[in-house]
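So this one's upload_33.cif, mmCIF, C-alpha atoms:
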```cif
data_run
#
loop_
_atom_site.group_PDB
_atom_site.id
_atom_site.type_symbol
_atom_site.label_atom_id
_atom_site.label_comp_id
_atom_site.auth_asym_id
_atom_site.auth_seq_id
_atom_site.Cartn_x
_atom_site.Cartn_y
_atom_site.Cartn_z
ATOM 1 C CA MET M 235 247.129 182.563 40.137
ATOM 2 C CA ASP M 236 246.512 182.220 43.922
ATOM 3 C CA ALA M 237 250.235 182.014 44.677
ATOM 4 C CA THR M 238 250.749 185.539 43.381
ATOM 5 C CA ALA M 239 247.929 187.306 45.174
ATOM 6 C CA ALA M 240 250.277 189.001 47.616
ATOM 7 C CA LEU M 241 252.302 190.744 44.917
ATOM 8 C CA ALA M 242 252.340 194.514 44.737
ATOM 9 C CA ALA M 243 249.793 196.311 42.600
ATOM 10 C CA PRO M 244 250.901 196.862 39.012
ATOM 11 C CA ALA M 245 252.536 200.092 37.981
ATOM 12 C CA VAL M 246 250.634 202.731 36.071
ATOM 13 C CA PRO M 247 251.985 202.767 32.510
ATOM 14 C CA GLY M 248 254.260 205.684 31.703
ATOM 15 C CA PRO M 249 254.604 207.479 28.392
ATOM 16 C CA ALA M 250 254.791 205.349 25.267
ATOM 17 C CA LEU M 251 258.245 204.035 24.439
ATOM 18 C CA SER M 252 259.800 205.567 21.396
ATOM 19 C CA GLY M 253 263.128 206.020 19.667
ATOM 20 C CA LEU M 254 266.160 203.781 19.451
ATOM 21 C CA HIS M 255 266.848 201.091 22.068
ATOM 22 C CA VAL M 256 269.919 198.858 21.964
ATOM 23 C CA PRO M 257 269.540 195.263 23.261
ATOM 24 C CA LEU M 258 273.015 194.877 24.707
ATOM 25 C CA VAL M 259 275.190 191.864 24.071
ATOM 26 C CA THR M 260 276.714 190.198 27.123
ATOM 27 C CA PRO M 261 280.492 190.525 26.696
ATOM 28 C CA PHE M 262 282.717 187.709 27.936
ATOM 29 C CA THR M 263 286.381 187.710 28.838
ATOM 30 C CA ALA M 264 288.870 185.508 27.006
ATOM 31 C CA GLN M 265 288.425 183.089 29.913
ATOM 32 C CA GLY M 266 284.662 182.944 29.350
ATOM 33 C CA ASP M 267 283.529 185.029 32.337
ATOM 34 C CA LEU M 268 281.147 187.971 32.299
ATOM 35 C CA ALA M 269 283.051 191.136 31.328
ATOM 36 C CA ALA M 270 281.049 193.605 33.421
ATOM 37 C CA ASP M 271 283.381 196.556 32.776
ATOM 38 C CA ALA M 272 283.066 196.055 29.016
ATOM 39 C CA LEU M 273 279.284 195.882 29.339
ATOM 40 C CA GLU M 274 279.249 199.163 31.235
ATOM 41 C CA GLY M 275 281.496 200.823 28.662
ATOM 42 C CA LEU M 276 279.335 199.555 25.814
ATOM 43 C CA ALA M 277 276.193 200.866 27.506
ATOM 44 C CA HIS M 278 277.712 204.334 27.839
ATOM 45 C CA GLN M 279 278.982 204.276 24.247
ATOM 46 C CA VAL M 280 275.622 203.579 22.631
ATOM 47 C CA LEU M 281 273.951 206.230 24.791
ATOM 48 C CA ASP M 282 276.696 208.710 23.893
ATOM 49 C CA ASP M 283 275.994 207.967 20.224
ATOM 50 C CA GLY M 284 272.286 208.726 20.433
ATOM 51 C CA ALA M 285 270.427 205.667 21.705
ATOM 52 C CA ASP M 286 267.360 206.563 23.767
ATOM 53 C CA GLY M 287 267.553 203.495 25.947
ATOM 54 C CA LEU M 288 268.989 200.076 26.682
ATOM 55 C CA VAL M 289 267.586 196.577 26.813
ATOM 56 C CA ALA M 290 269.174 194.130 29.247
ATOM 57 C CA LEU M 291 268.742 190.370 28.862
ATOM 58 C CA GLY M 292 267.084 190.500 25.479
ATOM 59 C CA THR M 293 267.781 187.563 23.172
ATOM 60 C CA THR M 294 270.881 189.419 21.934
ATOM 61 C CA GLY M 295 272.240 189.221 25.490
ATOM 62 C CA GLU M 296 272.165 185.384 25.535
ATOM 63 C CA PRO M 297 270.117 185.233 28.767
ATOM 64 C CA GLY M 298 269.393 181.520 28.392
ATOM 65 C CA VAL M 299 273.059 180.604 28.838
ATOM 66 C CA LEU M 300 273.827 183.000 31.686
ATOM 67 C CA GLU M 301 273.961 181.888 35.309
ATOM 68 C CA ASP M 302 271.525 183.500 37.767
ATOM 69 C CA GLU M 303 274.260 185.659 39.287
ATOM 70 C CA GLU M 304 275.385 186.764 35.833
ATOM 71 C CA ARG M 305 271.868 187.832 34.896
ATOM 72 C CA ARG M 306 271.638 189.823 38.120
ATOM 73 C CA ALA M 307 275.009 191.435 37.408
ATOM 74 C CA VAL M 308 273.944 192.437 33.887
ATOM 75 C CA VAL M 309 270.809 194.113 35.227
ATOM 76 C CA ASP M 310 272.801 195.829 37.995
ATOM 77 C CA VAL M 311 275.248 197.310 35.457
ATOM 78 C CA CYS M 312 272.441 198.544 33.197
ATOM 79 C CA VAL M 313 270.468 199.980 36.106
ATOM 80 C CA ARG M 314 273.522 201.910 37.254
ATOM 81 C CA VAL M 315 274.237 203.307 33.782
ATOM 82 C CA CYS M 316 270.616 204.289 33.171
ATOM 83 C CA ARG M 317 270.428 205.967 36.580
ATOM 84 C CA GLU M 318 273.542 208.004 35.789
ATOM 85 C CA ARG M 319 272.387 208.890 32.300
ATOM 86 C CA GLY M 320 268.652 209.314 32.838
ATOM 87 C CA ALA M 321 268.055 206.742 30.095
ATOM 88 C CA SER M 322 265.265 204.233 29.564
ATOM 89 C CA LEU M 323 265.868 200.607 30.603
ATOM 90 C CA VAL M 324 263.865 197.578 29.488
ATOM 91 C CA VAL M 325 264.699 194.152 30.963
ATOM 92 C CA GLY M 326 263.955 190.830 29.294
ATOM 93 C CA ALA M 327 261.879 188.551 31.526
ATOM 94 C CA GLY M 328 259.303 185.781 31.464
ATOM 95 C CA SER M 329 258.903 182.319 30.008
ATOM 96 C CA SER M 330 256.247 180.030 28.561
ATOM 97 C CA SER M 331 254.807 179.526 32.060
ATOM 98 C CA THR M 332 252.426 182.250 33.181
ATOM 99 C CA ARG M 333 252.987 181.559 36.890
ATOM 100 C CA ALA M 334 256.762 181.464 36.557
ATOM 101 C CA SER M 335 256.677 184.664 34.509
ATOM 102 C CA VAL M 336 254.689 186.444 37.214
ATOM 103 C CA ARG M 337 257.316 185.485 39.786
ATOM 104 C CA GLU M 338 260.162 186.613 37.518
ATOM 105 C CA LEU M 339 258.515 189.945 36.810
ATOM 106 C CA ALA M 340 257.973 190.531 40.530
ATOM 107 C CA ALA M 341 261.751 190.611 40.991
ATOM 108 C CA LEU M 342 261.947 193.745 38.807
ATOM 109 C CA GLY M 343 259.971 195.814 41.298
ATOM 110 C CA GLY M 344 261.520 198.475 43.481
ATOM 111 C CA ARG M 345 264.039 199.641 40.859
ATOM 112 C CA PRO M 346 262.731 202.856 39.302
ATOM 113 C CA GLU M 347 265.335 202.725 36.537
ATOM 114 C CA ILE M 348 263.548 199.706 35.029
ATOM 115 C CA GLY M 349 260.848 201.236 32.874
ATOM 116 C CA ALA M 350 259.453 198.070 31.299
ATOM 117 C CA ALA M 351 259.920 194.327 30.850
ATOM 118 C CA LEU M 352 260.308 192.690 27.426
ATOM 119 C CA VAL M 353 258.286 189.462 27.475
ATOM 120 C CA THR M 354 258.058 187.008 24.586
ATOM 121 C CA VAL M 355 254.868 185.376 23.449
ATOM 122 C CA PRO M 356 254.913 181.864 25.015
ATOM 123 C CA SER M 357 257.062 179.541 22.922
ATOM 124 C CA PHE M 358 256.580 175.809 22.235
ATOM 125 C CA VAL M 359 253.202 175.804 24.011
ATOM 126 C CA ARG M 360 251.518 177.494 21.028
ATOM 127 C CA PRO M 361 248.352 178.683 22.781
ATOM 128 C CA SER M 362 245.445 180.166 20.883
ATOM 129 C CA GLU M 363 245.460 183.924 20.402
ATOM 130 C CA ALA M 364 242.874 184.067 23.191
ATOM 131 C CA GLY M 365 245.360 182.186 25.372
ATOM 132 C CA VAL M 366 248.113 184.675 24.503
ATOM 133 C CA LEU M 367 245.779 187.495 25.447
ATOM 134 C CA ALA M 368 244.921 185.811 28.765
ATOM 135 C CA HIS M 369 248.618 185.154 29.456
ATOM 136 C CA PHE M 370 249.584 188.794 29.031
ATOM 137 C CA GLY M 371 246.489 189.935 30.896
ATOM 138 C CA ALA M 372 247.582 187.882 33.898
ATOM 139 C CA LEU M 373 251.144 189.173 33.690
ATOM 140 C CA ALA M 374 250.045 192.783 33.315
ATOM 141 C CA ALA M 375 247.745 192.483 36.324
ATOM 142 C CA HIS M 376 250.644 191.501 38.585
ATOM 143 C CA SER M 377 253.746 193.061 37.064
ATOM 144 C CA PRO M 378 255.353 195.978 38.925
ATOM 145 C CA VAL M 379 256.535 197.396 35.571
ATOM 146 C CA PRO M 380 254.777 197.839 32.227
ATOM 147 C CA LEU M 381 255.220 195.108 29.629
ATOM 148 C CA VAL M 382 256.516 195.175 26.064
ATOM 149 C CA VAL M 383 255.125 192.178 24.178
ATOM 150 C CA TYR M 384 257.836 190.505 22.102
ATOM 151 C CA ASN M 385 256.098 189.308 18.948
ATOM 152 C CA ILE M 386 258.626 187.079 17.167
ATOM 153 C CA PRO M 387 256.835 184.092 15.635
ATOM 154 C CA TYR M 388 259.897 182.598 13.956
ATOM 155 C CA ARG M 389 261.303 181.978 17.472
ATOM 156 C CA THR M 390 258.095 181.196 19.368
ATOM 157 C CA GLY M 391 256.034 179.371 16.744
ATOM 158 C CA GLN M 392 253.054 181.576 17.631
ATOM 159 C CA ARG M 393 251.762 184.381 15.403
ATOM 160 C CA ILE M 394 249.661 187.229 16.819
ATOM 161 C CA GLY M 395 247.219 188.992 14.537
ATOM 162 C CA ALA M 396 246.568 192.726 14.358
ATOM 163 C CA ASP M 397 243.237 192.447 16.185
ATOM 164 C CA THR M 398 244.865 190.616 19.102
ATOM 165 C CA LEU M 399 247.648 193.216 19.231
ATOM 166 C CA ARG M 400 244.998 195.934 19.507
ATOM 167 C CA GLU M 401 243.355 194.032 22.356
ATOM 168 C CA LEU M 402 246.721 193.757 24.086
ATOM 169 C CA ALA M 403 247.240 197.498 23.602
ATOM 170 C CA ALA M 404 243.997 198.169 25.429
ATOM 171 C CA LEU M 405 245.128 196.288 28.548
ATOM 172 C CA PRO M 406 246.453 198.365 31.440
ATOM 173 C CA ASN M 407 250.200 198.019 32.051
ATOM 174 C CA ILE M 408 251.105 197.045 28.465
ATOM 175 C CA ALA M 409 253.437 199.664 26.979
ATOM 176 C CA GLY M 410 254.038 198.336 23.495
ATOM 177 C CA VAL M 411 255.173 195.580 21.185
ATOM 178 C CA LYS M 412 258.564 194.646 19.809
ATOM 179 C CA HIS M 413 257.337 193.606 16.392
ATOM 180 C CA ALA M 414 259.634 191.111 14.674
ATOM 181 C CA VAL M 415 257.591 189.020 12.274
ATOM 182 C CA GLY M 416 260.221 188.594 9.558
ATOM 183 C CA GLY M 417 258.896 191.224 7.181
ATOM 184 C CA ILE M 418 256.165 193.782 6.603
ATOM 185 C CA ASP M 419 253.209 191.407 6.413
ATOM 186 C CA ALA M 420 249.468 191.992 6.158
ATOM 187 C CA ASP M 421 249.015 192.131 9.934
ATOM 188 C CA THR M 422 251.767 194.749 10.245
ATOM 189 C CA VAL M 423 250.132 196.918 7.604
ATOM 190 C CA ASN M 424 246.716 196.370 9.198
ATOM 191 C CA LEU M 425 247.966 197.308 12.669
ATOM 192 C CA LEU M 426 249.701 200.498 11.581
ATOM 193 C CA ALA M 427 246.913 201.540 9.224
ATOM 194 C CA ASP M 428 244.583 201.597 12.241
ATOM 195 C CA PRO M 429 246.880 201.825 15.271
ATOM 196 C CA PRO M 430 245.742 201.696 18.887
ATOM 197 C CA PRO M 431 244.543 205.102 20.133
ATOM 198 C CA ALA M 432 247.259 207.398 21.484
ATOM 199 C CA SER M 433 245.468 207.327 24.840
ATOM 200 C CA HIS M 434 246.556 203.706 25.248
ATOM 201 C CA GLY M 435 250.227 204.756 25.336
ATOM 202 C CA PHE M 436 251.135 201.749 23.185
ATOM 203 C CA ALA M 437 254.275 201.856 21.028
ATOM 204 C CA VAL M 438 255.024 199.712 17.976
ATOM 205 C CA LEU M 439 258.791 199.149 17.964
ATOM 206 C CA GLY M 440 260.598 197.389 15.143
ATOM 207 C CA GLY M 441 262.549 194.291 16.070
ATOM 208 C CA ASP M 442 263.644 193.133 12.604
ATOM 209 C CA ASP M 443 266.569 195.426 11.844
ATOM 210 C CA ALA M 444 266.375 195.235 8.042
ATOM 211 C CA TYR M 445 262.654 196.010 8.098
ATOM 212 C CA LEU M 446 262.868 198.990 10.439
ATOM 213 C CA PRO M 447 262.846 201.629 7.642
ATOM 214 C CA PRO M 448 259.488 200.547 6.159
ATOM 215 C CA LEU M 449 258.040 200.021 9.652
ATOM 216 C CA LEU M 450 258.949 203.611 10.550
ATOM 217 C CA ALA M 451 257.504 204.810 7.248
ATOM 218 C CA LEU M 452 254.201 203.174 8.200
ATOM 219 C CA GLY M 453 254.180 204.897 11.589
ATOM 220 C CA GLY M 454 256.253 202.778 13.973
ATOM 221 C CA GLN M 455 257.661 204.724 16.918
ATOM 222 C CA GLY M 456 261.191 203.274 17.021
ATOM 223 C CA GLY M 457 263.104 200.048 17.324
ATOM 224 C CA ILE M 458 264.955 197.585 19.523
ATOM 225 C CA LEU M 459 267.832 196.654 17.246
ATOM 226 C CA ALA M 460 270.875 194.430 17.712
ATOM 227 C CA SER M 461 272.567 196.069 14.707
ATOM 228 C CA ALA M 462 272.420 199.401 16.521
ATOM 229 C CA HIS M 463 275.474 198.428 18.560
ATOM 230 C CA LEU M 464 277.161 199.459 15.305
ATOM 231 C CA CYS M 465 276.676 202.891 13.753
ATOM 232 C CA THR M 466 274.397 203.845 16.655
ATOM 233 C CA ALA M 467 274.367 207.491 15.605
ATOM 234 C CA ARG M 468 273.198 206.579 12.091
ATOM 235 C CA TRP M 469 270.355 204.422 13.458
ATOM 236 C CA ALA M 470 269.315 207.284 15.742
ATOM 237 C CA GLU M 471 269.358 209.661 12.741
ATOM 238 C CA LEU M 472 267.163 207.246 10.799
ATOM 239 C CA VAL M 473 264.532 207.133 13.545
ATOM 240 C CA ALA M 474 264.652 210.918 13.921
ATOM 241 C CA ALA M 475 264.346 211.500 10.172
ATOM 242 C CA TRP M 476 261.087 209.556 9.927
ATOM 243 C CA ARG M 477 259.808 211.198 13.123
ATOM 244 C CA ASP M 478 260.577 214.667 11.723
ATOM 245 C CA GLY M 479 259.206 213.962 8.250
ATOM 246 C CA ASP M 480 262.527 214.258 6.418
ATOM 247 C CA VAL M 481 261.636 211.566 3.911
ATOM 248 C CA ALA M 482 264.554 212.015 1.500
ATOM 249 C CA ARG M 483 267.120 211.691 4.264
ATOM 250 C CA ALA M 484 265.232 208.822 5.900
ATOM 251 C CA ARG M 485 265.250 206.875 2.635
ATOM 252 C CA GLU M 486 268.976 207.259 2.127
ATOM 253 C CA LEU M 487 269.764 206.385 5.737
ATOM 254 C CA GLY M 488 267.488 203.394 5.346
ATOM 255 C CA ARG M 489 269.612 202.039 2.514
ATOM 256 C CA GLY M 490 272.675 202.044 4.741
ATOM 257 C CA ALA M 491 270.688 200.476 7.578
ATOM 258 C CA VAL M 492 269.501 197.606 5.386
ATOM 259 C CA ARG M 493 273.000 196.920 4.059
ATOM 260 C CA LEU M 494 274.413 196.764 7.582
ATOM 261 C CA ALA M 495 271.548 194.704 9.024
ATOM 262 C CA SER M 496 271.730 192.218 6.165
ATOM 263 C CA ALA M 497 275.427 191.671 6.891
ATOM 264 C CA VAL M 498 274.938 191.382 10.656
ATOM 265 C CA PHE M 499 272.356 188.600 10.364
ATOM 266 C CA THR M 500 274.135 186.292 7.911
ATOM 267 C CA GLU M 501 274.930 184.100 10.952
ATOM 268 C CA PRO M 502 273.004 183.621 14.223
ATOM 269 C CA ASN M 503 272.591 186.679 16.419
ATOM 270 C CA PRO M 504 274.592 187.949 18.331
ATOM 271 C CA THR M 505 277.632 186.226 16.869
ATOM 272 C CA VAL M 506 278.408 188.719 14.104
ATOM 273 C CA VAL M 507 277.706 191.748 16.298
ATOM 274 C CA LYS M 508 280.117 190.401 18.905
ATOM 275 C CA GLY M 509 282.715 189.707 16.245
ATOM 276 C CA VAL M 510 282.558 193.279 14.976
ATOM 277 C CA LEU M 511 282.565 194.785 18.478
ATOM 278 C CA HIS M 512 285.687 192.772 19.263
ATOM 279 C CA ALA M 513 287.337 193.838 16.007
ATOM 280 C CA GLN M 514 286.589 197.446 16.961
ATOM 281 C CA GLY M 515 288.215 196.918 20.375
ATOM 282 C CA ARG M 516 284.963 197.507 22.261
ATOM 283 C CA ILE M 517 284.658 194.107 23.975
ATOM 284 C CA PRO M 518 287.470 191.776 25.112
ATOM 285 C CA SER M 519 286.468 188.729 23.079
ATOM 286 C CA PRO M 520 284.036 187.762 20.305
ATOM 287 C CA ASP M 521 282.952 184.680 22.235
ATOM 288 C CA VAL M 522 279.431 183.351 22.634
ATOM 289 C CA ARG M 523 278.356 180.311 24.617
ATOM 290 C CA LEU M 524 277.226 176.975 23.240
ATOM 291 C CA PRO M 525 275.060 176.055 21.475
ATOM 292 C CA LEU M 526 276.054 179.189 19.537
ATOM 293 C CA LEU M 527 279.396 179.246 17.749
ATOM 294 C CA SER M 528 281.447 182.359 17.094
ATOM 295 C CA ALA M 529 280.901 184.035 13.733
ATOM 296 C CA SER M 530 283.145 183.246 10.803
ATOM 297 C CA ALA M 531 285.889 185.692 9.856
ATOM 298 C CA ALA M 532 284.170 186.295 6.509
ATOM 299 C CA ALA M 533 280.880 187.298 8.158
ATOM 300 C CA VAL M 534 282.631 189.604 10.622
ATOM 301 C CA ASP M 535 284.688 191.237 7.867
ATOM 302 C CA ALA M 536 281.606 191.842 5.725
ATOM 303 C CA ALA M 537 279.662 193.422 8.588
ATOM 304 C CA LEU M 538 282.661 195.486 9.666
ATOM 305 C CA TYR M 539 282.974 196.787 6.107
ATOM 306 C CA ARG M 540 279.296 197.810 6.030
ATOM 307 C CA ALA M 541 279.557 199.428 9.479
ATOM 308 C CA THR M 542 282.619 201.420 8.467
ATOM 309 C CA GLU M 543 281.024 202.418 5.166
ATOM 310 C CA TRP M 544 277.863 203.726 6.835
ATOM 311 C CA ALA M 545 279.632 205.395 9.755
ATOM 312 C CA GLU M 546 281.993 207.282 7.454
ATOM 313 C CA ALA M 547 279.304 208.543 5.072
ATOM 314 C CA SER M 548 279.065 212.288 5.636
ATOM 315 C CA ALA M 549 275.748 213.895 6.511
ATOM 316 C CA PRO M 550 275.860 216.320 3.550
ATOM 317 C CA ALA M 551 276.595 213.487 1.136
ATOM 318 C CA LEU M 552 273.728 211.438 2.479
ATOM 319 C CA ALA M 553 271.354 214.370 2.268
ATOM 320 C CA ALA M 554 272.377 215.176 -1.287
ATOM 321 C CA VAL M 555 271.802 211.703 -2.752
#
```

As structure tokens, what does this structure read like?
Amino acid sequence: MDATAALAAPAVPGPALSGLHVPLVTPFTAQGDLAADALEGLAHQVLDDGADGLVALGTTGEPGVLEDEERRAVVDVCVRVCRERGASLVVGAGSSSTRASVRELAALGGRPEIGAALVTVPSFVRPSEAGVLAHFGALAAHSPVPLVVYNIPYRTGQRIGADTLRELAALPNIAGVKHAVGGIDADTVNLLADPPPASHGFAVLGGDDAYLPPLLALGGQGGILASAHLCTARWAELVAAWRDGDVARARELGRGAVRLASAVFTEPNPTVVKGVLHAQGRIPSPDVRLPLLSASAAAVDAALYRATEWAEASAPALAAV
């Protein structure tokens, strides 16, 4: 890591992340260009509806198909909104190369609005768990912002066990994990049955939308959820209900959350979310970039139905069920 020795000292981790964070889609115009005004409006909308923070350039934002200047523009828009609103901002960064990831993270320095970077476990390389630990240790030692480890084995091909997650939690400059393992598995139960000490400031955030309710029930602190573009206020209520111990309300809200999330992910993310946002008049087109294809009309209609159903359910009716 000699090439990175001159980088600034890492930031001191702030308070643990918690609550609802929306990983924003990247809206495009009908001509296929970045729709920056629509992105800004969407960012304000989800914050107005109760989101605690935003994620820029997460996988939902299609960062792999954006040009460098488009990625910079997306971050600039989100920084501006979060500065105005006093909201949390996490930015997706990093790759399978440790050295390249260090350089990419360095570019996030000097912008106080950026509270953390969301960094996936290295994909394709498939290092040992000790290698994953060393990778994040190197990144944390050089990053100007705290890291959120993105644990998503069905994308990376690399699973991280509960013991390794606890070791990651103990590293300075690691703020939490976006936990998206495709279910509530044994490692998830193990981790939350014996979570990292509160002194570590390490948050377990759900990343599988349909499994957020049970993750919160086990003690998760919040979520980073593509589905939360839709019915943002309901998702925020769900997180708050588990936080406040209102189990009956949390269970009923969870049923609506699962129905919506199941509809949103019938086709590759973020195609259905974009289709619904366009149908709602919130972004100028439903378009994604190849190799993704736009969602089918049937998938969009089904998700729009579930979103409308959940959004229109009254609070008293939900509480009474």

Any idea what's packed within 6 Å of stretch 437-454 of chain M, counting all atoms listed in the file, ignoring anything in its chain fewer than 5 positions away? Could you give it as an MDAnalysis selection string? chainID M and resid 250:251 410:414 459 488 492 495

Calculated over only C-alpha atoms, which of the candidates M:Ala532, M:Trp544, M:Gly320, M:Ser519 has the smallest distance to M:Ala491?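 Closest to M:Ala491, using only C-alpha atoms: M:Trp544.
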
Please provide the set of residues having any atom within 9 Å of stretch 498-509 of chain M, restricted to all atoms listed in the file, with same-chain residues fewer than 2 positions apart removed, written as a ChimeraX atom specification. /M:259-261,293-296,460-461,463-464,493-496,511-514,517,519-522,526-531,533-538

Write out as a list of chain:residue names the residues lying within 10 Å of M:Arg319, counting all atoms listed in the file and excluding same-chain residues fewer than 3 positions away.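 Listed by chain and then number, they are M:His278, M:Leu281, M:Asp282, M:Gly287, M:Val313, M:Arg314, M:Val315, M:Cys316, M:Ser322.
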
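Against the coordinates shown, the PyMOL selection byres ((chain M and resi 353) around 10) returns Gly292, Val325, Gly326, Ala327, Gly328, Ser329, Ser330, Ser335, Leu339, Ala350, Ala351, Leu352, Thr354, Val355, Pro356, Phe370, Leu373, Leu381, Val382, Val383, Tyr384, Asn385, Val411 and Lys412 of chain M.
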